[in-house]
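Some notes on the structure that comes next.
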Amino acid sequence: MAETTFELPGNIGAEDHLSYMKLALSLAAQSPPKPTNYRVGAVVVDTATNVILATGYTLELPGNTHAEQCCFEKLAEKHGVAASHLSEALPNQVALYTTVEPCSQRLSGNLPCVDRILAIGGKIKTVYVGVHEPEKFVSENSSKRKLMDAGIEFVHVAGLEKEILEVATAGHDKST
């Protein structure tokens, strides 16, 4: 299968959710295709200043890392704090853009991405998602409910679902 390429947005305007999602999708395309996980891209934005704080994609960092996890680990390293203390370093108005809904369960035993978001202590005000997590690996993802219960807005950014699923499932057996 030929690698899909995406035109990266230039200067992304505040509230241009589709362009931020396109950026996240371009990151997801950098993740190596594997049959055991989704290729996901994520972008963390300071919404007060419209500055991108971090980007990440599945398996960008060593280990079985998810896109959101990569963003948070890079931010923790940048600010010289443990990932568990990231709330001390982040601004108060942060948004997370992720091509696929954050996981609510990790079959590997790693901390689910939704729990990583919640651990940041309310700094992330909104999570923008391109698609809900398909039920191939884990059924009944509870991330949306957990985020909303914590007062974090959960917003679906429509328009790229086909492209996101194509990238996310590259390397998967499509015959089943």
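Here, A, B, ... name the chains of the structure tokens in the order displayed, residue numbers run from 1 inside each chain, and ligands are numbered from 1 in the same displayed order.
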Write out, as a tab-separated table, each residue of range 46-102 of chain A that has an atom at most 12 Å from range 109-121 of chain A, together with the closest pair of atoms and their distance in Å to one decimal, counting only C-alpha atoms, rows going by chain and rising number.
residue	atom	partner	partner_atom	distance
A:Thr58	CA	A:Cys113	CA	11.6
A:Gly63	CA	A:Asn110	CA	10.1
A:Asn64	CA	A:Asn110	CA	8.3
A:Thr65	CA	A:Asn110	CA	8.8
A:His66	CA	A:Cys113	CA	7.6
A:Ala67	CA	A:Cys113	CA	8.7
A:Glu68	CA	A:Cys113	CA	6.4
A:Gln69	CA	A:Cys113	CA	6.5
A:Cys70	CA	A:Cys113	CA	10.1
A:Cys71	CA	A:Arg116	CA	10.7
A:Phe72	CA	A:Arg116	CA	8.2
A:Glu73	CA	A:Arg116	CA	10.3
A:Leu75	CA	A:Ile120	CA	11.5
A:Ala76	CA	A:Ile120	CA	10.9
A:Ala82	CA	A:Ile120	CA	11.2
A:Ala83	CA	A:Ile120	CA	8.5
A:Ser84	CA	A:Ala119	CA	6.8
A:His85	CA	A:Ile120	CA	7.4
A:Leu86	CA	A:Ile120	CA	6.0
A:Ser87	CA	A:Ile120	CA	4.7
A:Glu88	CA	A:Ile120	CA	8.4
A:Ala89	CA	A:Ile120	CA	9.7
A:Leu90	CA	A:Ile120	CA	8.6
A:Pro91	CA	A:Ile120	CA	10.9
A:Asn92	CA	A:Gly121	CA	9.9
A:Gln93	CA	A:Gly121	CA	11.6
A:Val94	CA	A:Ile120	CA	10.3
A:Ala95	CA	A:Ile117	CA	10.5
A:Leu96	CA	A:Ile117	CA	9.0
A:Tyr97	CA	A:Ile117	CA	11.9
A:Thr98	CA	A:Cys113	CA	10.8
A:Val100	CA	A:Cys113	CA	11.1
A:Glu101	CA	A:Val114	CA	9.0
A:Pro102	CA	A:Cys113	CA	5.5
Could you dump the residues just selected with N, CA, C and O atoms as a short mmCIF file (atom, residue, chain, number, x, y, z; two decimals), in the first residue's frame?
data_model
loop_
_atom_site.label_atom_id
_atom_site.label_comp_id
_atom_site.auth_asym_id
_atom_site.auth_seq_id
_atom_site.Cartn_x
_atom_site.Cartn_y
_atom_site.Cartn_z
N THR A 58 1.86 7.45 17.53
CA THR A 58 2.00 6.10 18.07
C THR A 58 3.39 5.55 17.76
O THR A 58 3.86 5.62 16.63
N GLY A 63 9.20 1.88 23.42
CA GLY A 63 8.16 1.17 24.16
C GLY A 63 6.87 1.17 23.36
O GLY A 63 6.81 1.65 22.23
N ASN A 64 5.84 0.65 23.93
CA ASN A 64 4.54 0.59 23.28
C ASN A 64 3.79 1.89 23.54
O ASN A 64 2.79 1.92 24.26
N THR A 65 4.30 2.99 22.99
CA THR A 65 3.79 4.32 23.32
C THR A 65 2.66 4.75 22.39
O THR A 65 2.72 4.53 21.18
N HIS A 66 1.66 5.37 22.97
CA HIS A 66 0.56 5.95 22.22
C HIS A 66 0.86 7.42 21.94
O HIS A 66 1.72 8.03 22.58
N ALA A 67 0.15 7.99 21.00
CA ALA A 67 0.41 9.37 20.56
C ALA A 67 0.30 10.38 21.70
O ALA A 67 1.17 11.23 21.88
N GLU A 68 -0.79 10.28 22.48
CA GLU A 68 -0.99 11.21 23.58
C GLU A 68 0.12 11.07 24.62
O GLU A 68 0.65 12.05 25.12
N GLN A 69 0.48 9.82 24.90
CA GLN A 69 1.56 9.52 25.84
C GLN A 69 2.86 10.17 25.37
O GLN A 69 3.60 10.75 26.18
N CYS A 70 3.15 10.08 24.08
CA CYS A 70 4.38 10.70 23.54
C CYS A 70 4.36 12.21 23.75
O CYS A 70 5.37 12.79 24.16
N CYS A 71 3.23 12.84 23.51
CA CYS A 71 3.12 14.30 23.75
C CYS A 71 3.44 14.61 25.20
O CYS A 71 4.24 15.52 25.48
N PHE A 72 2.81 13.89 26.11
CA PHE A 72 2.97 14.18 27.53
C PHE A 72 4.39 13.89 28.01
O PHE A 72 4.95 14.65 28.81
N GLU A 73 4.99 12.81 27.52
CA GLU A 73 6.37 12.50 27.92
C GLU A 73 7.34 13.56 27.41
O GLU A 73 8.27 13.96 28.11
N LEU A 75 6.59 16.71 26.78
CA LEU A 75 6.35 17.92 27.58
C LEU A 75 6.99 17.81 28.96
O LEU A 75 7.59 18.78 29.45
N ALA A 76 6.88 16.65 29.57
CA ALA A 76 7.48 16.45 30.89
C ALA A 76 9.00 16.62 30.82
O ALA A 76 9.60 17.30 31.66
N ALA A 82 8.37 15.08 36.19
CA ALA A 82 7.85 13.75 35.90
C ALA A 82 6.50 13.92 35.21
O ALA A 82 5.78 14.90 35.45
N ALA A 83 6.15 12.98 34.35
CA ALA A 83 4.87 13.07 33.64
C ALA A 83 3.71 13.18 34.63
O ALA A 83 2.72 13.85 34.35
N SER A 84 3.86 12.58 35.80
CA SER A 84 2.80 12.65 36.81
C SER A 84 2.66 14.05 37.42
O SER A 84 1.68 14.34 38.09
N HIS A 85 3.65 14.92 37.18
CA HIS A 85 3.60 16.29 37.70
C HIS A 85 3.46 17.32 36.58
O HIS A 85 3.75 18.50 36.78
N LEU A 86 3.03 16.88 35.43
CA LEU A 86 2.93 17.76 34.27
C LEU A 86 1.97 18.92 34.50
O LEU A 86 2.17 20.02 33.96
N SER A 87 0.98 18.73 35.34
CA SER A 87 0.02 19.81 35.61
C SER A 87 0.71 21.05 36.19
O SER A 87 0.23 22.17 36.01
N GLU A 88 1.85 20.86 36.85
CA GLU A 88 2.59 21.98 37.44
C GLU A 88 3.27 22.84 36.38
O GLU A 88 3.62 23.99 36.64
N ALA A 89 3.46 22.29 35.18
CA ALA A 89 4.23 22.98 34.15
C ALA A 89 3.38 23.52 33.00
O ALA A 89 3.85 24.39 32.26
N LEU A 90 2.17 23.03 32.86
CA LEU A 90 1.35 23.43 31.71
C LEU A 90 0.55 24.70 31.99
O LEU A 90 0.18 24.98 33.12
N PRO A 91 0.26 25.45 30.92
CA PRO A 91 -0.63 26.60 31.08
C PRO A 91 -2.05 26.13 31.43
O PRO A 91 -2.35 24.94 31.37
N ASN A 92 -2.92 27.05 31.75
CA ASN A 92 -4.25 26.70 32.25
C ASN A 92 -5.28 26.38 31.17
O ASN A 92 -6.32 25.83 31.48
N GLN A 93 -5.01 26.73 29.93
CA GLN A 93 -5.98 26.51 28.85
C GLN A 93 -5.34 25.66 27.75
O GLN A 93 -4.76 26.19 26.81
N VAL A 94 -5.47 24.34 27.88
CA VAL A 94 -4.83 23.43 26.94
C VAL A 94 -5.88 22.60 26.22
O VAL A 94 -6.88 22.19 26.83
N ALA A 95 -5.65 22.37 24.94
CA ALA A 95 -6.50 21.48 24.15
C ALA A 95 -5.64 20.35 23.61
O ALA A 95 -4.45 20.54 23.32
N LEU A 96 -6.25 19.19 23.50
CA LEU A 96 -5.60 18.02 22.91
C LEU A 96 -6.37 17.64 21.66
O LEU A 96 -7.59 17.47 21.71
N TYR A 97 -5.65 17.55 20.55
CA TYR A 97 -6.23 17.05 19.30
C TYR A 97 -5.66 15.66 19.08
O TYR A 97 -4.44 15.47 19.12
N THR A 98 -6.52 14.68 18.85
CA THR A 98 -6.06 13.32 18.61
C THR A 98 -6.92 12.69 17.53
O THR A 98 -8.15 12.87 17.51
N VAL A 100 -7.66 9.63 16.91
CA VAL A 100 -8.55 8.57 17.42
C VAL A 100 -8.80 8.84 18.91
O VAL A 100 -7.89 9.22 19.64
N GLU A 101 -10.02 8.64 19.32
CA GLU A 101 -10.41 8.82 20.72
C GLU A 101 -9.37 8.20 21.66
O GLU A 101 -8.90 7.09 21.42
N PRO A 102 -8.99 8.90 22.72
CA PRO A 102 -8.00 8.35 23.65
C PRO A 102 -8.46 7.00 24.21
O PRO A 102 -9.64 6.80 24.47
#
Q. Could you pull the residues within 12 Å of Thr47 in chain A, counting only C-alpha atoms, minus those fewer than 2 positions along the same chain, as a PyMOL selection string?
A. chain A and resi 12-17+20+43-45+49-53+90-97+123-127
Q: Give me, please, the distance in Å between CA of Leu107 in chain A and CA of Ile152 in chain A, quoted to one decimal.
A: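 Atom-to-atom, CA of Leu107 in chain A to CA of Ile152 in chain A, that is 24.7 Å.
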Q.
Would you compute the distance between CA of Val81 in chain A and CA of Gly122 in chain A? Give it in Å to one decimal.
A. 17.2 Å
(Q) Report, in Å with one decimal, the straight-line distance from CA of Ala29 in chain A to CA of Glu153 in chain A. (A)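 Distance between the two atoms: 26.1 Å.
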Q) For Cys103 in chain A, which residue among A:Val40, A:Ala150, A:Leu25, A:Ala158 is the nearest when counting only C-alpha atoms? A)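 Of A:Val40, A:Ala150, A:Leu25, A:Ala158, the one nearest Cys103 in chain A, counting only C-alpha atoms, is A:Val40.
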Q) Of the candidates A:Thr36, A:Ser19, A:Ser31, A:Asn11, which shows the shortest atom-to-atom distance to Arg106 in chain A, using only C-alpha atoms? A)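 Smallest separation from Arg106 in chain A among the options: A:Thr36.
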**Q.** Every residue of chain A that DSSP places in strand (DSSP E), as a VMD selection string
**A.** chain A and resid 41 to 46 51 to 57 94 to 100 124 to 131 153 to 156
**Q.** Close residues, Gly171 in chain A itself excluded, 6 Å, only C-alpha atoms, min 2 positions apart in chain, as a ChimeraX atom specification
**A.** /A:33-35
Preceding selection exported with C-alpha atoms as a CSV table (one decimal), in the first residue's frame:
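File written: part_17.csv
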chain,number,residue,atom,x,y,z
A,33,PRO,CA,2.1,0.2,10.5
A,34,LYS,CA,1.4,-2.7,12.9
A,35,PRO,CA,-1.5,-5.2,13.1
(Q) Counting only C-alpha atoms, which residue out of A:His132, A:Leu18, A:Ser108, A:Thr55 sits closest to Ala168 in chain A? (A)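 Answer, going by the shortest atom-to-atom distance: A:His132.
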Q: Can you pull out every residue within 10 Å of Pro32 in chain A, counting only C-alpha atoms, but drop anything in the same chain fewer than 5 positions away, and send it as an NGL selection string?
A: :A and (37-39 or 57-60 or 170-171)
